[in-house]
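Raw entry-v2.txt, compact mmCIF, C-alpha atoms and all ligand atoms:
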```txt
# COMPACT_ATOMS: atom_id res chain seq x y z
CA MET A 1 16.03 -8.02 -16.82
CA ASP A 2 17.43 -5.79 -14.09
CA ILE A 3 18.98 -7.52 -11.14
CA VAL A 4 18.68 -5.86 -7.76
CA LYS A 5 21.76 -6.97 -5.87
CA LEU A 6 21.94 -7.86 -2.21
CA PRO A 7 23.19 -5.05 0.00
CA GLU A 8 26.38 -5.51 1.91
CA GLY A 9 26.49 -8.24 4.58
CA PRO A 10 27.14 -9.88 6.92
CA PHE A 11 23.49 -10.84 7.19
CA PRO A 12 21.49 -12.05 10.20
CA VAL A 13 21.95 -15.65 11.30
CA ALA A 14 19.84 -17.68 13.71
CA THR A 15 20.65 -16.72 17.28
CA PRO A 16 19.19 -17.46 20.73
CA ASP A 17 19.77 -13.80 21.68
CA TRP A 18 16.46 -11.91 21.33
CA GLU A 19 18.18 -8.51 21.62
CA GLN A 20 20.33 -9.44 18.63
CA VAL A 21 17.18 -10.47 16.74
CA LYS A 22 15.72 -7.01 17.44
CA ALA A 23 18.89 -5.31 16.25
CA ASP A 24 18.78 -7.42 13.07
CA LEU A 25 15.11 -6.53 12.60
CA ARG A 26 15.88 -2.83 12.80
CA GLU A 27 18.81 -3.00 10.38
CA PHE A 28 17.78 -5.69 7.91
CA GLY A 29 14.00 -5.92 8.35
CA TYR A 30 14.21 -9.48 9.66
CA GLY A 31 15.88 -11.64 12.27
CA ILE A 32 16.00 -15.34 13.07
CA ALA A 33 15.68 -16.64 16.64
CA LYS A 34 16.83 -20.11 17.51
CA GLY A 35 15.26 -22.41 20.11
CA VAL A 36 11.98 -20.50 20.52
CA LEU A 37 9.93 -23.71 20.41
CA SER A 38 11.07 -26.73 22.40
CA PRO A 39 11.65 -30.04 20.55
CA GLU A 40 8.52 -31.30 22.29
CA GLU A 41 6.42 -28.36 21.02
CA VAL A 42 7.82 -28.84 17.52
CA ARG A 43 6.94 -32.54 17.56
CA THR A 44 3.41 -31.89 18.83
CA MET A 45 2.64 -29.16 16.30
CA ARG A 46 4.21 -31.03 13.40
CA ALA A 47 2.19 -34.16 14.17
CA ILE A 48 -1.04 -32.13 14.37
CA LEU A 49 -0.30 -30.51 11.02
CA THR A 50 0.28 -33.88 9.37
CA ARG A 51 -2.98 -35.18 10.80
CA GLU A 52 -4.97 -32.05 9.89
CA ILE A 53 -3.65 -32.03 6.32
CA GLU A 54 -4.69 -35.66 5.90
CA LYS A 55 -8.12 -34.88 7.33
CA ASP A 56 -8.59 -31.89 5.01
CA GLU A 57 -7.40 -33.89 2.00
CA GLN A 58 -9.88 -36.66 2.75
CA ALA A 59 -12.68 -34.14 3.18
CA GLY A 60 -11.71 -32.50 -0.14
CA LYS A 61 -11.04 -29.23 1.65
CA ILE A 62 -7.57 -28.53 0.26
CA LYS A 63 -7.96 -25.54 -2.02
CA GLU A 64 -5.47 -24.00 -4.37
CA SER A 65 -4.13 -20.81 -2.91
CA TYR A 66 -3.90 -17.75 -5.15
CA THR A 67 -0.48 -17.13 -3.67
CA ASP A 68 1.08 -20.39 -4.84
CA ARG A 69 1.76 -21.40 -8.42
CA ASP A 70 1.04 -25.07 -8.01
CA ALA A 71 -0.93 -27.33 -5.74
CA VAL A 72 2.07 -29.26 -4.46
CA ASN A 73 2.52 -27.43 -1.17
CA ARG A 74 -0.16 -27.50 1.50
CA ARG A 75 -1.67 -24.50 3.21
CA LEU A 76 -3.97 -24.62 6.21
CA SER A 77 -5.56 -21.20 6.55
CA VAL A 78 -6.87 -21.25 10.11
CA LEU A 79 -5.04 -23.21 12.80
CA SER A 80 -6.30 -21.60 15.99
CA ASP A 81 -9.05 -24.05 16.91
CA ARG A 82 -7.42 -27.19 15.55
CA HIS A 83 -5.63 -27.71 18.85
CA PRO A 84 -5.04 -25.61 22.01
CA VAL A 85 -1.28 -25.40 21.22
CA PHE A 86 -2.14 -23.36 18.13
CA ARG A 87 -4.70 -21.30 20.06
CA ASP A 88 -2.03 -20.41 22.63
CA LEU A 89 0.71 -19.81 20.06
CA ALA A 90 -0.86 -16.39 19.38
CA GLU A 91 0.48 -15.19 22.75
CA HIS A 92 3.92 -16.75 22.61
CA PRO A 93 6.24 -14.37 24.53
CA PHE A 94 8.61 -14.19 21.56
CA ALA A 95 5.84 -13.13 19.19
CA LEU A 96 4.46 -10.56 21.64
CA GLU A 97 7.88 -9.03 22.23
CA MET A 98 8.79 -8.89 18.54
CA ALA A 99 5.36 -7.63 17.44
CA ALA A 100 5.63 -4.81 20.01
CA GLU A 101 9.13 -4.07 18.69
CA ILE A 102 7.90 -3.80 15.09
CA LEU A 103 4.53 -2.13 15.62
CA GLY A 104 5.55 0.22 18.43
CA PRO A 105 3.32 1.73 21.11
CA SER A 106 -0.39 1.82 20.35
CA TYR A 107 -3.05 4.46 20.82
CA LEU A 108 -4.50 4.10 24.34
CA ASN A 109 -2.29 1.08 24.84
CA GLU A 110 -4.79 -1.08 22.95
CA THR A 111 -3.64 -4.53 21.99
CA PHE A 112 -2.48 -5.36 18.50
CA LEU A 113 -4.39 -8.16 16.80
CA LEU A 114 -3.61 -11.52 15.30
CA HIS A 115 -4.11 -11.13 11.55
CA GLY A 116 -3.95 -14.84 10.81
CA LEU A 117 -2.37 -18.08 11.95
CA SER A 118 -1.78 -20.56 9.16
CA ALA A 119 0.60 -23.23 7.96
CA ASN A 120 2.57 -23.51 4.75
CA VAL A 121 4.10 -26.92 4.08
CA THR A 122 6.38 -27.12 1.06
CA ARG A 123 6.75 -30.58 -0.44
CA PRO A 124 9.18 -31.96 -3.01
CA GLY A 125 8.46 -30.17 -6.28
CA SER A 126 6.79 -27.09 -4.72
CA SER A 127 7.76 -23.99 -6.68
CA ASP A 128 8.92 -20.78 -5.11
CA MET A 129 6.20 -18.32 -4.22
CA GLY A 130 7.70 -15.28 -5.84
CA ILE A 131 9.08 -12.24 -4.07
CA HIS A 132 6.43 -10.06 -2.44
CA GLY A 133 5.75 -7.99 0.67
CA ASP A 134 3.01 -8.98 3.10
CA THR A 135 1.71 -5.40 3.17
CA ASP A 136 1.40 -5.23 -0.63
CA PHE A 137 -2.39 -5.23 -0.20
CA ILE A 138 -2.30 -1.90 1.62
CA ARG A 139 -3.28 0.87 -0.78
CA PRO A 140 -2.16 3.53 -0.92
CA TYR A 141 1.36 2.38 -0.08
CA ILE A 142 2.15 3.45 3.47
CA ASN A 143 5.77 3.40 4.46
CA ALA A 144 5.32 2.45 8.11
CA PRO A 145 5.53 -0.73 10.19
CA LEU A 146 1.98 -2.07 9.91
CA PHE A 147 2.46 -5.80 9.99
CA ALA A 148 4.65 -8.04 12.17
CA ARG A 149 5.22 -11.55 10.86
CA MET A 150 6.58 -14.69 12.47
CA ILE A 151 7.31 -17.95 10.69
CA TYR A 152 7.81 -20.81 13.15
CA PHE A 153 10.01 -23.55 11.70
CA LEU A 154 8.57 -26.99 12.40
CA ASP A 155 11.26 -28.63 10.26
CA ASP A 156 14.83 -27.57 9.60
CA PHE A 157 14.79 -24.69 7.13
CA ASP A 158 17.57 -25.06 4.56
CA GLU A 159 17.84 -23.91 0.98
CA GLU A 160 17.02 -27.26 -0.63
CA VAL A 161 13.78 -27.72 1.24
CA GLY A 162 12.43 -24.25 0.43
CA ALA A 163 13.44 -22.03 3.35
CA THR A 164 11.73 -18.63 3.14
CA ARG A 165 13.75 -16.27 0.95
CA VAL A 166 14.37 -12.74 2.17
CA VAL A 167 15.69 -9.54 0.59
CA PRO A 168 17.67 -7.78 3.36
CA LYS A 169 16.84 -4.10 3.98
CA SER A 170 13.99 -4.03 1.42
CA HIS A 171 11.60 -2.98 4.22
CA ILE A 172 12.96 0.57 3.99
CA TRP A 173 13.03 0.94 0.21
CA GLY A 174 9.73 2.81 0.33
CA HIS A 175 7.96 1.07 -2.57
CA LEU A 176 6.33 -2.23 -3.48
CA PRO A 177 8.36 -4.96 -5.18
CA LEU A 178 7.94 -5.06 -8.96
CA LYS A 179 6.20 -8.26 -10.00
CA ASP A 180 6.01 -7.72 -13.76
CA GLY A 181 9.11 -9.82 -14.45
CA SER A 182 11.26 -6.79 -15.30
CA VAL A 183 13.31 -7.13 -12.12
CA LYS A 184 14.94 -10.00 -10.30
CA TYR A 185 15.61 -9.46 -6.62
CA GLU A 186 18.58 -11.32 -5.24
CA SER A 187 17.52 -13.04 -2.03
CA LEU A 188 18.85 -15.26 0.72
CA PRO A 189 17.31 -18.30 2.40
CA ALA A 190 16.40 -17.73 6.07
CA LEU A 191 18.12 -20.69 7.69
CA GLY A 192 17.56 -22.31 11.05
CA PRO A 193 16.87 -25.60 12.78
CA ALA A 194 13.33 -26.68 13.68
CA GLY A 195 12.13 -24.60 16.63
CA SER A 196 13.53 -21.35 15.18
CA VAL A 197 11.40 -18.38 14.17
CA LEU A 198 11.89 -15.95 11.31
CA VAL A 199 10.47 -12.57 12.31
CA TYR A 200 10.10 -9.73 9.81
CA ASP A 201 8.53 -6.37 9.11
CA GLY A 202 5.65 -6.93 6.67
CA ARG A 203 7.26 -4.54 4.16
CA LEU A 204 10.24 -6.89 3.72
CA TYR A 205 10.43 -8.50 0.28
CA HIS A 206 10.38 -12.28 0.71
CA GLY A 207 8.73 -15.48 -0.47
CA THR A 208 8.64 -19.23 0.04
CA GLY A 209 11.62 -20.98 -1.57
CA ALA A 210 11.22 -23.83 -4.04
CA ASN A 211 11.46 -27.29 -2.49
CA ARG A 212 14.12 -29.06 -4.58
CA SER A 213 14.57 -31.97 -2.19
CA LYS A 214 13.70 -35.52 -3.16
CA ASP A 215 11.69 -36.48 -0.13
CA ARG A 216 11.62 -33.78 2.54
CA GLU A 217 8.83 -31.48 3.63
CA ARG A 218 9.22 -28.07 5.21
CA ALA A 219 6.45 -26.93 7.53
CA GLY A 220 6.18 -23.33 8.64
CA VAL A 221 3.50 -21.86 10.89
CA ILE A 222 2.87 -18.25 9.94
CA ALA A 223 1.51 -15.74 12.44
CA GLY A 224 0.85 -12.11 11.57
CA TYR A 225 0.02 -9.21 13.89
CA VAL A 226 -1.51 -5.87 12.92
CA HIS A 227 -2.47 -2.66 14.72
CA SER A 228 -5.69 -2.57 16.74
CA TRP A 229 -7.31 -0.36 14.10
CA MET A 230 -6.63 -2.66 11.16
CA ARG A 231 -8.91 -5.41 9.91
CA PRO A 232 -7.39 -8.86 10.40
CA LEU A 233 -7.57 -11.39 7.60
CA VAL A 234 -9.48 -13.84 9.78
CA PRO A 235 -12.61 -12.77 11.73
CA PHE A 236 -11.67 -15.28 14.42
CA PRO A 237 -14.70 -14.90 16.74
CA MET A 238 -17.05 -15.77 13.87
CA ILE A 239 -14.96 -18.71 12.70
CA LEU A 240 -13.43 -20.43 15.72
CA ASP A 241 -15.10 -23.15 17.73
CA PRO A 242 -15.99 -21.35 21.01
CA LYS A 243 -15.42 -24.60 22.91
CA VAL A 244 -11.73 -24.56 22.01
CA MET A 245 -11.54 -20.92 23.09
CA GLU A 246 -13.01 -21.58 26.54
CA GLY A 247 -9.65 -22.15 28.26
CA ALA A 248 -7.91 -19.28 26.46
CA SER A 249 -6.35 -16.47 28.48
CA GLU A 250 -7.75 -12.96 28.34
CA ARG A 251 -4.65 -11.82 26.43
CA CYS A 252 -5.14 -14.58 23.87
CA ARG A 253 -8.79 -13.62 23.39
CA GLN A 254 -7.87 -9.97 22.95
CA LEU A 255 -5.30 -10.90 20.31
CA LEU A 256 -7.89 -13.00 18.50
CA GLY A 257 -10.32 -10.09 18.33
CA TYR A 258 -12.68 -10.82 21.23
CA GLY A 259 -11.89 -7.40 22.73
CA THR A 260 -14.91 -5.08 22.64
CA VAL A 261 -12.87 -1.90 22.94
CA ASN A 262 -11.79 0.08 19.89
CA MET A 263 -10.38 3.62 19.94
CA GLY A 264 -11.23 3.76 23.63
CA PHE A 265 -14.91 2.97 23.11
CA ASP A 266 -16.28 -0.17 24.70
CA LEU A 267 -19.12 -1.54 22.58
CA PRO A 268 -20.36 -4.83 24.04
CA TRP A 269 -21.42 -7.48 21.51
CA THR A 270 -25.10 -7.53 22.40
CA GLN A 271 -26.15 -9.69 19.45
CA ALA A 272 -23.39 -12.30 19.69
CA PRO A 273 -24.45 -15.84 20.66
CA GLU A 274 -24.03 -16.35 24.40
CA GLU A 275 -21.02 -18.65 24.12
CA ILE A 276 -19.18 -16.08 22.01
CA ALA A 277 -20.24 -13.08 24.15
CA ALA A 278 -18.85 -14.99 27.16
CA LEU A 279 -15.40 -14.89 25.56
CA THR A 280 -15.30 -11.12 25.02
CA VAL A 281 -12.96 -8.81 26.91
CA GLY A 282 -14.14 -5.31 27.79
CA GLN A 283 -12.69 -1.99 28.94
CA LYS A 284 -9.77 -2.35 31.33
CA ARG A 285 -8.70 1.23 31.82
CA GLU A 286 -9.77 4.49 33.37
CA ILE A 287 -10.96 7.26 31.11
CA THR A 288 -8.61 9.77 32.80
CA ASP A 289 -5.70 7.55 31.79
CA MET A 290 -6.85 7.88 28.23
CA ARG A 291 -6.85 11.69 28.27
CA ARG A 292 -3.30 11.77 29.53
CA GLU A 293 -2.12 9.35 26.91
CA VAL A 294 -3.77 11.21 24.05
CA ARG A 295 -1.88 14.34 25.02
CA GLN A 296 1.44 12.49 25.21
CA ASP A 297 1.03 10.86 21.84
CA THR A 298 -0.17 13.93 19.95
CA PRO A 299 2.57 15.55 17.90
CA GLN A 300 3.22 19.05 19.23
CA GLN A 301 2.65 22.05 17.00
CA PRO A 302 5.97 23.67 16.11
CA ALA A 303 6.42 26.95 17.99
CA SER A 304 5.71 29.90 15.70
O1 LIG A 401 6.09 -20.06 3.95
C1 LIG A 401 6.91 -19.22 3.63
O2 LIG A 401 8.10 -19.47 3.51
C2 LIG A 401 6.48 -17.81 3.32
C3 LIG A 401 5.04 -17.68 3.00
C4 LIG A 401 4.67 -16.28 2.66
O3 LIG A 401 5.49 -15.44 2.41
C5 LIG A 401 3.26 -15.86 2.66
O4 LIG A 401 2.36 -16.71 2.81
O5 LIG A 401 2.99 -14.65 2.51
FE FE A 402 4.64 -13.47 2.53
```

Take the structure in the file and write it out as structure tokens.
Amino acid sequence: MDIVKLPEGPFPVATPDWEQVKADLREFGYGIAKGVLSPEEVRTMRAILTREIEKDEQAGKIKESYTDRDAVNRRLSVLSDRHPVFRDLAEHPFALEMAAEILGPSYLNETFLLHGLSANVTRPGSSDMGIHGDTDFIRPYINAPLFARMIYFLDDFDEEVGATRVVPKSHIWGHLPLKDGSVKYESLPALGPAGSVLVYDGRLYHGTGANRSKDRERAGVIAGYVHSWMRPLVPFPMILDPKVMEGASERCRQLLGYGTVNMGFDLPWTQAPEEIAALTVGQKREITDMRREVRQDTPQQPAS
């Protein structure tokens, strides 16, 4: 088996400095920010996860995930209407700043979208997930930043408990990871105390670590953001309880896909139930604006 060695370090470490996180993102494809969630926020979210997992277990709703090799860990696929803290997490300033950093400016300044918001809780005996990229589903392979990912640490992430493993700089290798067993990618655990966030470019090779602890769990909340023209994993408006969305900000609703504008066209949701239509966000800009922006963003023809 070929071993793909780690590139040269030193590698990113958890830091409270968001500019350093961005520099790490650019160079290594990931960064770790410390202290993004307050201890109070961590406690609240962690307690909700514990309660929701119990509820889902009792209701027989825990399904095996195709991404995990055993049923020891726990995944909750949609968090956004389980509690307003998870609804509002979509627009956390850290996530918005880092997603903009990864995805870059958008056509007509349209908002990027939340792809999904889920939890992955490793438990003693959980196996590792296997090294993959989160944009591996995009065919043909497109070597561009298409997916911005955040993993919020609700417990301390250390190696024993299954901290996410990352392969530094793999986001610029220009090809998918091989998963046929012919190659082993050396990787590092992304370490940080509860309240930290691992942010990475979706092309980065990574995967959940194995939980080799005796009695500790490791909860991560995973948020992904994609361009306005991509199809998110979760069709939030058709899935979420509109009552929980009632107090959500306009920005939050745009991120969750309640915006009715796409490619500059505003197409109101005339057939949506009233309570969902009431949550939609329409055109916010002048058409003249749009013409100017198109010209700016269009690559110029080389002079002949
Ligand atoms: O929970 C983790 O550590 C990573 C999970 C992951 O990579 C995924 O779900 O795609
Ligand atoms: Fe992943």

What is the distance between atom CA of Gly192 of chain A and atom CA of Ile53 of chain A, in Å to one decimal?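 Result for atom CA of Gly192 of chain A versus atom CA of Ile53 of chain A: 23.8 Å, one decimal.
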
Which one of A:Lys22, A:Arg203, A:His92, A:Arg231 sits closest to ligand LIG 401 (chain A) if you count all atoms listed in the file?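 Closest to ligand LIG 401 (chain A), using all atoms listed in the file: A:Arg203.
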
Within 6 Å of ligand FE 402 (chain A) (counting only C-alpha atoms and all ligand atoms), which residues show up? I'd like them as a VMD selection string. chain A and resid 133 to 134 207

Using 6 Å as the limit and counting all atoms listed in the file, can you tabulate each residue of chain A that touches ligand LIG 401 (chain A), with its shortest atom-to-atom distance in Å and the two atoms involved, as a tab-separated table?
```
residue	atom	partner	partner_atom	distance
A:Asn120	CA	A:LIG401	O1	5.0
A:Asp134	CA	A:LIG401	O5	5.7
A:Ala163	CA	A:LIG401	O2	5.9
A:Thr164	CA	A:LIG401	O2	3.7
A:Gly207	CA	A:LIG401	O3	4.3
A:Thr208	CA	A:LIG401	O2	3.5
A:Gly220	CA	A:LIG401	O1	5.7
```

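The two atoms in question, atom CA of Asp81 of chain A and atom CA of Leu191 of chain A, are spaced 28.9 Å apart.
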
I'd like the interatomic distance between atom CA of Gly257 of chain A and atom CA of His115 of chain A, to a tenth of an Å.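 Atom CA of Gly257 of chain A sits 9.3 Å away from atom CA of His115 of chain A.
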
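Between Val4 of chain A and the residues A:Pro16, A:Pro93, A:Pro84, A:Pro168, the shortest atom-to-atom distance, using only C-alpha atoms, involves A:Pro168.
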
Using only C-alpha atoms, what residues lie at most 12 Å away from (9.9, -27.7, -5.0) (file coordinates), given as an MDAnalysis selection string? chainID A and resid 68:74 121:129 159:163 208:218

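Distances to Pro232 of chain A were evaluated for A:Tyr66, A:Leu117, A:Phe265, A:Phe153 using only C-alpha atoms, and the minimum falls at A:Leu117.
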
Output segment 265-281 of chain A as a compact mmCIF listing (two decimals), in the frame of the given file, making sure N, CA, C and O atoms are there.
```txt
# COMPACT_ATOMS: atom_id res chain seq x y z
N PHE A 265 -13.47 3.18 22.91
CA PHE A 265 -14.91 2.97 23.11
C PHE A 265 -15.17 1.49 23.36
O PHE A 265 -14.70 0.65 22.60
N ASP A 266 -15.93 1.21 24.40
CA ASP A 266 -16.28 -0.17 24.70
C ASP A 266 -17.70 -0.43 24.21
O ASP A 266 -18.65 0.15 24.74
N LEU A 267 -17.81 -1.25 23.18
CA LEU A 267 -19.12 -1.54 22.58
C LEU A 267 -19.42 -3.03 22.71
O LEU A 267 -19.01 -3.83 21.87
N PRO A 268 -20.10 -3.40 23.80
CA PRO A 268 -20.36 -4.83 24.04
C PRO A 268 -21.13 -5.48 22.88
O PRO A 268 -21.94 -4.83 22.22
N TRP A 269 -20.84 -6.75 22.64
CA TRP A 269 -21.42 -7.48 21.51
C TRP A 269 -22.80 -8.03 21.89
O TRP A 269 -22.97 -9.22 22.16
N THR A 270 -23.78 -7.16 21.88
CA THR A 270 -25.10 -7.53 22.40
C THR A 270 -25.80 -8.59 21.57
O THR A 270 -26.66 -9.31 22.06
N GLN A 271 -25.46 -8.72 20.31
CA GLN A 271 -26.15 -9.69 19.45
C GLN A 271 -25.37 -10.98 19.25
O GLN A 271 -25.80 -11.86 18.51
N ALA A 272 -24.19 -11.08 19.88
CA ALA A 272 -23.39 -12.30 19.69
C ALA A 272 -24.04 -13.46 20.45
O ALA A 272 -24.61 -13.26 21.52
N PRO A 273 -23.97 -14.68 19.91
CA PRO A 273 -24.45 -15.84 20.66
C PRO A 273 -23.77 -15.88 22.03
O PRO A 273 -22.61 -15.46 22.15
N GLU A 274 -24.49 -16.38 23.01
CA GLU A 274 -24.03 -16.35 24.40
C GLU A 274 -22.61 -16.90 24.57
O GLU A 274 -21.78 -16.33 25.27
N GLU A 275 -22.34 -18.03 23.91
CA GLU A 275 -21.02 -18.65 24.12
C GLU A 275 -19.89 -17.81 23.53
O GLU A 275 -18.74 -17.91 23.98
N ILE A 276 -20.21 -16.97 22.55
CA ILE A 276 -19.18 -16.08 22.01
C ILE A 276 -19.09 -14.82 22.88
O ILE A 276 -17.99 -14.38 23.23
N ALA A 277 -20.23 -14.28 23.27
CA ALA A 277 -20.24 -13.08 24.15
C ALA A 277 -19.46 -13.37 25.44
O ALA A 277 -18.77 -12.50 25.96
N ALA A 278 -19.54 -14.62 25.92
CA ALA A 278 -18.85 -14.99 27.16
C ALA A 278 -17.33 -14.92 27.01
O ALA A 278 -16.60 -14.86 28.00
N LEU A 279 -16.86 -14.92 25.79
CA LEU A 279 -15.40 -14.89 25.56
C LEU A 279 -14.87 -13.46 25.39
O LEU A 279 -13.66 -13.24 25.32
N THR A 280 -15.76 -12.48 25.32
CA THR A 280 -15.30 -11.12 25.02
C THR A 280 -14.58 -10.50 26.21
O THR A 280 -14.77 -10.89 27.35
N VAL A 281 -13.75 -9.52 25.90
CA VAL A 281 -12.96 -8.81 26.91
C VAL A 281 -13.26 -7.33 26.77
O VAL A 281 -13.08 -6.77 25.69
```
